[in-house]
Amino acid sequence: MNVLEISHLIKTYGKGDNLVKAVDDVSLSVPEGQFVAIVGASGSGKSTLLHMIGGVDNPTKGDIVIDGENISKYNSDKLAVFRREKVGIIYQFYNLIPVLNVSENITLPCDLGNKKIDEEYLKDLIETLGLSGRVKNLPNQLSGGQQQRVAIGRALFNHPKIILADEPTGNLDKKSSDEIVNLLKTANQKYHQTVILVTHDANIAAQADRIITFEDGKIISDKLQREAISPAPTPKAQPTEAEEIAELEEIEREVEAENESSNAA
Amino acid sequence: MKVLTRLNLVNFKQNRIRTAVTIVGVALSITLILTVIGIATSIWYSIVEDARGRYGDYHTMYEDVPGDKIELLEQSKYYNVMYYSEHVSEVIDEEGVKHLYWIGPYPKESYKVIEQKDIVRDEEHVYNVFLKYKDFDSTENDERMQTRALGDAGCDTVTVRVNIDLQIFEGDLGKTGRILFMSLSTLAIGTMAIIAAFIIRNSFSISITERVRQFGMLSSVGARPRQIRRMIYQEALLIGLAALPFGLLLGALLTLGVVLIVNNLLIDIMTIIGSEMLFFIPWQAIVICFVVGLIIVFLSAASPAIVASRYSPIYALRSNQDVKIKARKVRTSKLTRMIWGMGGVIARKNLKRSRQKYRTTVISIVLSVVALISVVSFMDYSHKIIDFFISFTGANVIVQGGEDGLYEDLVKKFDLKEYAIYSHLPIIHDDNEGPIDSKKSVLTTVVSRDEFARFAKNAGEENADLSHAAILFNTITTYARDGSPRIGRATSLKAGDKLNLKTVKYVEKKKLVKDAIKDGDVIIDDFYNDDAETTEEELEEIVENQYIIVYVPEEKVEEIEITTISEDVTPLGYHKSSYVLPILYISEDYYRIDNIFLPDESGEMYIADENKSDKIEQYLALESTRDEYGDYYFENMEKTTRILKNIILLAEILTYGFIIIVSLIGVTNIFNTITTNVALRAKEFAILKSVGMTNKEFNRMIRLESIMYSTRALMIGIPIGLLVSYGISQLFDAAATDFGWIFPWSAIIISVASVAILVAGVMRYSVREIKKQNIIETIRKESF
């Protein structure tokens, strides 16, 4: 059974000569329990597609049917309830609510719906996410990887039909990235969760059941490759946050030193 | 253009609304200050101009200065000789208006110059010389010196005329008063400037919080802290320069408005200080405002500028304000969640997080609320005092004293219908020989027949023989029953009690002819001294043909029985709380028949007829009336009341105007704080929506935040306001009124309503833009 059916989906920006087709007549269906990776260059329209599926962006034309509901015609309130109950979205920059602690952030969609919180499940989930000692911490007290794990928890907590992950590892180092991907895989296997992941990391994409490649708003390839996992060359590791800070501080010192010397002169 | 200046201008453009609102806030602060100065200087100027117009432009006049000595005065370093004349006299015309008549050159047209000519100064003549002091500090010594100098020169000079108003307002105020005036106004302006700076500072803080990343970027490419500080000061300067003209113009217009209101609506007030209020703002006031305005903006920008220049580039670049959040700080109770749900929890936590940002706005709301409640309370009491004052007598005109026939004349002349004429007897008590026992003593008053009948009827004494009725108006018991602590002891007198009134036999008032006084007659010229025989000296003093009251020295004790006790009804002209002793009223018939008499000079007349007060006043003010009826005192209560009411109205216009401007400055601050705070949280809102918050829930959350926010301000403001209000009531009570504490309901309701409307309105405006934004675009715009 297909949990997602997309037909002739179009998203355009601008008008006339400036018209940009971000998603150009895309049709796609995803069966329940599948782990899909969407890859493509920057600006290929893969994220736009994901956002439309998640109900946070509106299609210009076409239909998106999730779990039997055609959300393309929904008004904003209906969409909000849909987002709360049917999808879980994970962004590159975590996007947690800074004033809420770990468990509050995770249970947020449930709280918004005034549903009773399944404490057992919450405990289990927090353990799975490896955040057991961090329940009362605020997002700013967590590392990037930990914050992303909270975001995954939030996406998973309401038992959504689909998990949508928009470059969830784009801002993380190799180790954290692996953890995140493993978590998503666990969710897919343990909870039989449908996952759609947007990435430009071939290594991560390779771990999916199915790889859809985007270019100029169109699907140029759609490969089902559960068994065909070909190791891709490891990309250059991105600098960690700590390294980033150190680098910036270095620059700062240099600037100050320069200033002082110019002052002295 | 330098790049940092360009950056500032671009920022202004980007935050057009906030810049405009900040400019309005600064402008209003300057308006406030200029208006306060403007009103003060206008009043001062009006008084001075009035004194100049009325009496002349001089401080003092030397009389009889010989022509050749005037030069001596002209050379003085202490004086300016304004003008001199040969002769000046004051004449009062039939309408009681004073005129100065003049011979010699005089600069003012408002004087009746009876002979205008160029005086040739010569040694033969003496002149009146009008002088103005150059420097008041040395006035006293100088005056003595000058007088001596003139005396040495062989001229006896005396100061005959001092223009006291001008001396006070140009002189004495300059000496000691000006220092007080200046320090008071400096204090007032300083306080206002600091309050304004405190409120406006918030706008700069906001502008800087928003631009932290920009500062970090500049700093990381080598901008020095000083450059960043200078950039913010430049921003302040630009805002100040944009705001100043508006503020000054509006301040001048408001001052003009007050002048026009006073001259057109409240003209009665001006009869107190002069003829009309003149608009006058000296250039110094403008300069002061300009400087104060600049100080306000620099003060406001100072601490944000220092904060901004201290950001380390990395901190600024990461711009993660949330790094500072501590879990402990944003803790909310389970109760919040139970009552308000998740929206409430987030709203509450957000308020806790940005406590500092909201502090200024909470304080400005508190300020306005406290000011409103206090002023409303104060005005409540002022109105009460006036009502009390009116009800005190119930009369529109009071006339006291005056010779025989004045009251009857007034009745006829003005066709009076509602009036009362009283005569007062000395305090009487049951035992005339012994010491006065206040519990058994009364004040006795004789009332004209009609008024006594009316009063008796109101007091429930209808059937008795009014010519022998005596009604005791026992105010003291009334008050004792009310439990008021300051009123004297209760009287022990009751209906049926008899009082001994020592009386003298009445002989008609007649024209005095010395020879007509027989041996043993007593001439009453002293109300309380009625038992002494007329002495030789007194007889000497008596002028032939004057009216005089002569009594036959037949002393007897009259017994008066109290027929009724009245506790609530008062006769016209009397108020419950006016006396420390109960008052015993008897009709004029009583004394006529039984020869209980009191001289007319201690009489009083109360007139309650409407719309006749001003005419009666005019008539009583005439010299001819005074000539006819001798010495009397009168007061036009209607006019006095009108003036008092107008003064209060003016006070209300000024204080409420002040509150409105202060509140508007607060509003600009609240507007900037809330809009920016909401704008900074746009992304957070988008996240909430992306995880499934509906518009309805979003609105609810915003509403809750508004409510919590307003409640906090009101919870602080209202109790403080009530305390001040209670303090005011105590002050008024100490001034011998008995109103108790009037709970300022209206002010509280107005405060709650306006704060609710304001905060909700601004919140609604702030989220308006956010609601339209695309969720995903907002989320992606900037990373945390």
# chains A, B, ... in the order shown; residues from 1 in each chain; ligands from 1

call {"tool": "interface_residues", "arguments": {"of": "chain A", "to": "chain B", "cutoff": "9 Å", "atoms": "only C-alpha atoms", "output": "ChimeraX atom specification"}}
result
/A:51,54-58,76-85,87-89,93-101,108-109,111-114,136-141,154-155,245,248-249,251-252,255-256,258-259

call {"tool": "select_by_dssp", "arguments": {"residues": "range 9-216 of chain A", "states": "helix (DSSP H, G or I)", "output": "CSV table (one decimal) with N, CA, C and O atoms, in the first residue's frame"}}
result
chain,number,residue,atom,x,y,z
A,16,GLY,N,6.6,35.4,-15.5
A,16,GLY,CA,7.2,35.8,-16.8
A,16,GLY,C,8.5,35.3,-17.1
A,16,GLY,O,8.8,34.1,-17.0
A,17,ASP,N,9.5,36.2,-17.4
A,17,ASP,CA,10.8,35.8,-17.7
A,17,ASP,C,11.5,35.2,-16.5
A,17,ASP,O,12.5,34.4,-16.6
A,18,ASN,N,11.1,35.7,-15.4
A,18,ASN,CA,11.8,35.2,-14.1
A,18,ASN,C,11.2,33.9,-13.6
A,18,ASN,O,11.6,33.5,-12.5
A,46,LYS,N,14.8,19.3,-4.8
A,46,LYS,CA,14.5,18.2,-3.9
A,46,LYS,C,13.9,18.6,-2.6
A,46,LYS,O,13.0,18.0,-2.1
A,47,SER,N,14.5,19.7,-2.0
A,47,SER,CA,14.0,20.2,-0.8
A,47,SER,C,12.6,20.8,-0.9
A,47,SER,O,11.7,20.5,0.0
A,48,THR,N,12.3,21.5,-2.0
A,48,THR,CA,11.0,22.0,-2.2
A,48,THR,C,10.0,20.9,-2.3
A,48,THR,O,8.9,21.0,-1.7
A,49,LEU,N,10.3,19.8,-2.9
A,49,LEU,CA,9.4,18.7,-3.0
A,49,LEU,C,9.1,18.2,-1.6
A,49,LEU,O,7.9,18.0,-1.2
A,50,LEU,N,10.2,18.0,-0.8
A,50,LEU,CA,10.0,17.5,0.6
A,50,LEU,C,9.1,18.4,1.4
A,50,LEU,O,8.2,18.0,2.1
A,51,HIS,N,9.3,19.7,1.3
A,51,HIS,CA,8.5,20.7,2.0
A,51,HIS,C,7.1,20.6,1.7
A,51,HIS,O,6.2,20.8,2.5
A,52,MET,N,6.8,20.4,0.3
A,52,MET,CA,5.4,20.3,-0.1
A,52,MET,C,4.8,19.1,0.5
A,52,MET,O,3.6,19.1,0.9
A,53,ILE,N,5.6,18.0,0.5
A,53,ILE,CA,5.0,16.7,1.1
A,53,ILE,C,4.7,17.0,2.6
A,53,ILE,O,3.7,16.5,3.1
A,71,ILE,N,-3.7,16.6,0.5
A,71,ILE,CA,-3.4,17.8,1.3
A,71,ILE,C,-3.2,19.0,0.4
A,71,ILE,O,-3.1,20.1,0.9
A,72,SER,N,-3.1,18.9,-0.9
A,72,SER,CA,-2.9,20.0,-1.7
A,72,SER,C,-4.0,21.1,-1.7
A,72,SER,O,-3.8,22.2,-2.1
A,73,LYS,N,-5.2,20.6,-1.3
A,73,LYS,CA,-6.3,21.6,-1.2
A,73,LYS,C,-6.6,22.1,0.2
A,73,LYS,O,-7.6,22.8,0.4
A,76,SER,N,-4.9,26.4,5.9
A,76,SER,CA,-3.7,26.4,6.7
A,76,SER,C,-4.0,25.6,8.1
A,76,SER,O,-3.1,25.0,8.6
A,77,ASP,N,-5.2,25.8,8.6
A,77,ASP,CA,-5.5,25.1,9.8
A,77,ASP,C,-5.5,23.6,9.7
A,77,ASP,O,-4.9,22.8,10.5
A,78,LYS,N,-6.1,23.1,8.6
A,78,LYS,CA,-6.2,21.7,8.3
A,78,LYS,C,-4.8,21.2,8.1
A,78,LYS,O,-4.4,20.1,8.6
A,79,LEU,N,-4.0,22.0,7.4
A,79,LEU,CA,-2.6,21.6,7.1
A,79,LEU,C,-1.8,21.4,8.4
A,79,LEU,O,-1.0,20.5,8.6
A,80,ALA,N,-2.1,22.4,9.4
A,80,ALA,CA,-1.4,22.3,10.6
A,80,ALA,C,-1.7,21.0,11.4
A,80,ALA,O,-0.8,20.4,11.9
A,81,VAL,N,-2.9,20.7,11.4
A,81,VAL,CA,-3.3,19.4,12.1
A,81,VAL,C,-2.7,18.2,11.4
A,81,VAL,O,-2.2,17.3,12.0
A,82,PHE,N,-2.7,18.3,10.0
A,82,PHE,CA,-2.1,17.3,9.2
A,82,PHE,C,-0.6,17.1,9.6
A,82,PHE,O,-0.1,16.0,9.8
A,83,ARG,N,0.1,18.2,9.7
A,83,ARG,CA,1.5,18.2,10.0
A,83,ARG,C,1.8,17.6,11.4
A,83,ARG,O,2.7,16.8,11.6
A,84,ARG,N,0.9,17.9,12.3
A,84,ARG,CA,1.0,17.5,13.6
A,84,ARG,C,0.8,15.9,13.7
A,84,ARG,O,1.5,15.3,14.5
A,85,GLU,N,-0.1,15.4,12.9
A,85,GLU,CA,-0.5,14.0,13.1
A,85,GLU,C,0.2,13.1,12.1
A,85,GLU,O,0.4,11.9,12.4
A,86,LYS,N,0.4,13.6,10.9
A,86,LYS,CA,0.8,12.6,9.8
A,86,LYS,C,2.2,12.6,9.4
A,86,LYS,O,2.7,11.7,8.8
A,102,VAL,N,14.5,19.1,26.4
A,102,VAL,CA,14.5,18.0,25.5
A,102,VAL,C,13.2,17.3,25.4
A,102,VAL,O,12.6,17.1,24.3
A,103,SER,N,12.7,16.9,26.6
A,103,SER,CA,11.4,16.1,26.5
A,103,SER,C,10.3,16.9,26.0
A,103,SER,O,9.4,16.5,25.3
A,104,GLU,N,10.3,18.2,26.4
A,104,GLU,CA,9.2,19.1,26.0
A,104,GLU,C,9.2,19.3,24.5
A,104,GLU,O,8.2,19.4,23.8
A,105,ASN,N,10.4,19.5,23.9
A,105,ASN,CA,10.5,19.6,22.5
A,105,ASN,C,10.0,18.4,21.8
A,105,ASN,O,9.4,18.5,20.7
A,106,ILE,N,10.4,17.2,22.4
A,106,ILE,CA,10.0,15.9,21.7
A,106,ILE,C,8.5,15.8,21.7
A,106,ILE,O,7.8,15.4,20.7
A,107,THR,N,7.8,16.1,22.8
A,107,THR,CA,6.4,15.9,23.0
A,107,THR,C,5.6,17.0,22.4
A,107,THR,O,4.3,17.0,22.5
A,108,LEU,N,6.2,18.1,21.9
A,108,LEU,CA,5.5,19.3,21.4
A,108,LEU,C,4.3,19.0,20.5
A,108,LEU,O,3.2,19.5,20.7
A,109,PRO,N,4.5,18.2,19.4
A,109,PRO,CA,3.4,18.0,18.5
A,109,PRO,C,2.2,17.3,19.2
A,109,PRO,O,1.0,17.7,19.0
A,110,CYS,N,2.5,16.4,20.2
A,110,CYS,CA,1.5,15.7,20.9
A,110,CYS,C,0.8,16.7,21.8
A,110,CYS,O,-0.4,16.7,21.9
A,111,ASP,N,1.6,17.6,22.5
A,111,ASP,CA,1.0,18.6,23.4
A,111,ASP,C,0.1,19.6,22.6
A,111,ASP,O,-0.9,20.0,23.1
A,112,LEU,N,0.5,19.9,21.4
A,112,LEU,CA,-0.3,20.9,20.6
A,112,LEU,C,-1.6,20.3,20.3
A,112,LEU,O,-2.6,21.0,20.2
A,119,GLU,N,4.1,8.0,28.3
A,119,GLU,CA,5.3,8.2,29.0
A,119,GLU,C,6.3,7.0,28.7
A,119,GLU,O,7.5,7.2,28.6
A,120,GLU,N,5.7,5.8,28.6
A,120,GLU,CA,6.5,4.6,28.3
A,120,GLU,C,7.3,4.8,27.0
A,120,GLU,O,8.5,4.6,26.9
A,121,TYR,N,6.5,5.2,26.0
A,121,TYR,CA,7.1,5.4,24.7
A,121,TYR,C,8.2,6.4,24.7
A,121,TYR,O,9.2,6.3,24.1
A,122,LEU,N,7.8,7.5,25.4
A,122,LEU,CA,8.8,8.7,25.5
A,122,LEU,C,10.1,8.2,26.1
A,122,LEU,O,11.2,8.5,25.5
A,123,LYS,N,10.0,7.4,27.1
A,123,LYS,CA,11.2,6.9,27.8
A,123,LYS,C,12.0,6.0,26.8
A,123,LYS,O,13.2,6.2,26.7
A,124,ASP,N,11.3,5.2,26.2
A,124,ASP,CA,11.9,4.3,25.2
A,124,ASP,C,12.6,5.0,24.1
A,124,ASP,O,13.8,4.8,23.8
A,125,LEU,N,11.9,6.0,23.6
A,125,LEU,CA,12.4,6.8,22.5
A,125,LEU,C,13.7,7.6,22.9
A,125,LEU,O,14.7,7.6,22.2
A,126,ILE,N,13.6,8.2,24.1
A,126,ILE,CA,14.7,9.0,24.6
A,126,ILE,C,16.0,8.1,24.7
A,126,ILE,O,17.1,8.5,24.4
A,127,GLU,N,15.7,6.9,25.2
A,127,GLU,CA,16.8,5.9,25.3
A,127,GLU,C,17.4,5.6,24.0
A,127,GLU,O,18.6,5.6,23.8
A,128,THR,N,16.5,5.3,23.0
A,128,THR,CA,16.9,5.0,21.7
A,128,THR,C,17.8,6.1,21.1
A,128,THR,O,18.7,5.9,20.4
A,129,LEU,N,17.3,7.3,21.4
A,129,LEU,CA,18.0,8.5,20.9
A,129,LEU,C,19.3,8.8,21.6
A,129,LEU,O,20.1,9.6,21.2
A,132,SER,N,19.2,10.0,27.4
A,132,SER,CA,18.7,9.7,28.7
A,132,SER,C,19.1,10.7,29.8
A,132,SER,O,18.3,11.2,30.6
A,133,GLY,N,20.4,11.2,29.8
A,133,GLY,CA,20.8,12.1,30.8
A,133,GLY,C,20.5,13.5,30.5
A,133,GLY,O,20.9,14.5,31.2
A,134,ARG,N,19.9,13.8,29.4
A,134,ARG,CA,19.7,15.2,28.9
A,134,ARG,C,18.3,15.7,28.9
A,134,ARG,O,18.0,16.7,28.3
A,139,PRO,N,17.9,23.2,24.5
A,139,PRO,CA,18.7,23.0,23.2
A,139,PRO,C,20.1,23.6,23.2
A,139,PRO,O,21.0,23.0,22.7
A,140,ASN,N,20.2,24.8,23.8
A,140,ASN,CA,21.6,25.4,23.8
A,140,ASN,C,22.6,24.7,24.6
A,140,ASN,O,23.8,25.0,24.5
A,141,GLN,N,22.2,23.8,25.4
A,141,GLN,CA,23.1,23.0,26.2
A,141,GLN,C,23.6,21.7,25.5
A,141,GLN,O,24.3,20.9,26.1
A,144,GLY,N,25.4,19.9,18.4
A,144,GLY,CA,24.6,19.8,17.2
A,144,GLY,C,24.0,18.4,17.0
A,144,GLY,O,22.8,18.3,16.7
A,145,GLY,N,24.8,17.4,17.2
A,145,GLY,CA,24.3,16.0,16.9
A,145,GLY,C,23.1,15.7,17.9
A,145,GLY,O,22.1,15.1,17.5
A,146,GLN,N,23.3,16.1,19.1
A,146,GLN,CA,22.3,15.9,20.1
A,146,GLN,C,21.0,16.6,19.8
A,146,GLN,O,19.9,16.1,19.9
A,147,GLN,N,21.2,17.9,19.3
A,147,GLN,CA,20.0,18.6,19.0
A,147,GLN,C,19.3,17.9,17.8
A,147,GLN,O,18.0,17.9,17.8
A,148,GLN,N,20.0,17.4,16.9
A,148,GLN,CA,19.4,16.8,15.7
A,148,GLN,C,18.6,15.5,16.2
A,148,GLN,O,17.6,15.2,15.7
A,149,ARG,N,19.2,14.8,17.2
A,149,ARG,CA,18.5,13.7,17.7
A,149,ARG,C,17.2,14.0,18.4
A,149,ARG,O,16.2,13.3,18.3
A,150,VAL,N,17.2,15.2,19.1
A,150,VAL,CA,15.9,15.7,19.7
A,150,VAL,C,14.9,15.9,18.6
A,150,VAL,O,13.8,15.6,18.7
A,151,ALA,N,15.4,16.5,17.5
A,151,ALA,CA,14.5,16.8,16.3
A,151,ALA,C,13.9,15.5,15.8
A,151,ALA,O,12.8,15.5,15.4
A,152,ILE,N,14.8,14.5,15.7
A,152,ILE,CA,14.3,13.2,15.3
A,152,ILE,C,13.2,12.7,16.2
A,152,ILE,O,12.2,12.2,15.8
A,153,GLY,N,13.5,12.8,17.5
A,153,GLY,CA,12.5,12.4,18.5
A,153,GLY,C,11.2,13.1,18.3
A,153,GLY,O,10.2,12.5,18.4
A,154,ARG,N,11.3,14.4,18.1
A,154,ARG,CA,10.1,15.2,17.9
A,154,ARG,C,9.3,14.7,16.7
A,154,ARG,O,8.1,14.5,16.7
A,155,ALA,N,10.1,14.4,15.6
A,155,ALA,CA,9.4,13.9,14.4
A,155,ALA,C,8.8,12.5,14.6
A,155,ALA,O,7.7,12.2,14.0
A,156,LEU,N,9.4,11.7,15.4
A,156,LEU,CA,8.9,10.3,15.6
A,156,LEU,C,7.8,10.2,16.5
A,156,LEU,O,6.9,9.3,16.5
A,157,PHE,N,7.7,11.2,17.5
A,157,PHE,CA,6.9,10.9,18.7
A,157,PHE,C,5.4,10.7,18.4
A,157,PHE,O,4.8,10.0,19.1
A,174,LYS,N,31.2,13.8,10.7
A,174,LYS,CA,31.0,12.4,10.2
A,174,LYS,C,30.4,11.5,11.3
A,174,LYS,O,29.4,10.8,11.0
A,175,LYS,N,30.9,11.6,12.5
A,175,LYS,CA,30.4,10.7,13.6
A,175,LYS,C,29.0,11.0,13.9
A,175,LYS,O,28.2,10.0,13.9
A,176,SER,N,28.6,12.2,14.0
A,176,SER,CA,27.2,12.6,14.3
A,176,SER,C,26.4,12.2,13.2
A,176,SER,O,25.2,11.7,13.4
A,177,SER,N,26.8,12.4,11.9
A,177,SER,CA,26.1,12.1,10.8
A,177,SER,C,25.7,10.6,10.8
A,177,SER,O,24.5,10.2,10.6
A,178,ASP,N,26.7,9.8,11.1
A,178,ASP,CA,26.5,8.4,11.1
A,178,ASP,C,25.4,8.0,12.1
A,178,ASP,O,24.5,7.2,11.9
A,179,GLU,N,25.5,8.6,13.3
A,179,GLU,CA,24.5,8.4,14.3
A,179,GLU,C,23.1,8.7,13.9
A,179,GLU,O,22.2,7.9,14.1
A,180,ILE,N,23.0,9.8,13.2
A,180,ILE,CA,21.7,10.3,12.8
A,180,ILE,C,21.1,9.3,11.7
A,180,ILE,O,20.0,8.9,11.8
A,181,VAL,N,22.0,9.0,10.8
A,181,VAL,CA,21.5,8.1,9.7
A,181,VAL,C,21.1,6.7,10.3
A,181,VAL,O,20.1,6.1,10.0
A,182,ASN,N,21.9,6.3,11.3
A,182,ASN,CA,21.6,5.0,12.0
A,182,ASN,C,20.3,5.1,12.7
A,182,ASN,O,19.5,4.1,12.6
A,183,LEU,N,20.0,6.2,13.3
A,183,LEU,CA,18.8,6.4,14.0
A,183,LEU,C,17.6,6.3,13.0
A,183,LEU,O,16.6,5.7,13.3
A,184,LEU,N,17.8,7.0,11.9
A,184,LEU,CA,16.7,7.0,10.9
A,184,LEU,C,16.5,5.5,10.4
A,184,LEU,O,15.3,5.1,10.2
A,185,LYS,N,17.6,4.8,10.2
A,185,LYS,CA,17.5,3.4,9.8
A,185,LYS,C,16.8,2.6,10.9
A,185,LYS,O,15.9,1.8,10.6
A,186,THR,N,17.1,2.8,12.1
A,186,THR,CA,16.5,2.1,13.2
A,186,THR,C,15.0,2.4,13.2
A,186,THR,O,14.2,1.5,13.3
A,187,ALA,N,14.7,3.7,13.1
A,187,ALA,CA,13.2,4.0,13.0
A,187,ALA,C,12.5,3.3,11.9
A,187,ALA,O,11.4,2.8,12.1
A,188,ASN,N,13.2,3.2,10.8
A,188,ASN,CA,12.6,2.6,9.7
A,188,ASN,C,12.4,1.1,9.9
A,188,ASN,O,11.4,0.5,9.6
A,189,GLN,N,13.4,0.5,10.6
A,189,GLN,CA,13.4,-0.9,10.8
A,189,GLN,C,12.5,-1.3,12.1
A,189,GLN,O,11.7,-2.1,12.1
A,190,LYS,N,12.8,-0.5,13.2
A,190,LYS,CA,12.2,-0.9,14.5
A,190,LYS,C,10.7,-0.5,14.5
A,190,LYS,O,9.9,-1.3,14.9
A,202,ALA,N,26.3,11.1,-1.2
A,202,ALA,CA,26.0,9.8,-1.8
A,202,ALA,C,26.2,8.6,-0.9
A,202,ALA,O,25.5,7.6,-1.0
A,203,ASN,N,27.1,8.8,0.1
A,203,ASN,CA,27.4,7.8,1.1
A,203,ASN,C,26.1,7.5,1.9
A,203,ASN,O,25.8,6.3,2.2
A,204,ILE,N,25.4,8.6,2.3
A,204,ILE,CA,24.2,8.4,3.1
A,204,ILE,C,23.1,7.8,2.2
A,204,ILE,O,22.4,6.9,2.6
A,205,ALA,N,23.0,8.4,1.0
A,205,ALA,CA,21.9,8.0,0.1
A,205,ALA,C,22.1,6.5,-0.2
A,205,ALA,O,21.1,5.8,-0.3

call {"tool": "atom_distance", "arguments": {"atom1": "CA of Ile212 in chain A", "atom2": "CA of Ile6 in chain A"}}
result
13.8 Å

call {"tool": "closest_residue", "arguments": {"among": "B:Leu238, B:Val667, B:Met82, B:Ala285", "to": "Ala301 in chain B", "atoms": "only C-alpha atoms"}}
result
B:Leu238

call {"tool": "atom_distance", "arguments": {"atom1": "CA of Val369 in chain B", "atom2": "CA of Ile208 in chain B"}}
result
28.8 Å

call {"tool": "select_by_dssp", "arguments": {"residues": "range 10-233 of chain A", "states": "strand (DSSP E)", "output": "PyMOL selection string"}}
result
chain A and resi 10-13+20-31+35-40+61-66+69-70+87-90+162-166+194-198+210-215+218-224

call {"tool": "residues_around", "arguments": {"residues": "Leu254 in chain B", "least_positions_apart": "6", "cutoff": "10 Å", "atoms": "only C-alpha atoms", "output": "PyMOL selection string"}}
result
chain B and resi 31-32+34-36+38-39+248+260+657

call {"tool": "atom_distance", "arguments": {"atom1": "CA of Gly45 in chain A", "atom2": "CA of Ala682 in chain B"}}
result
24.5 Å
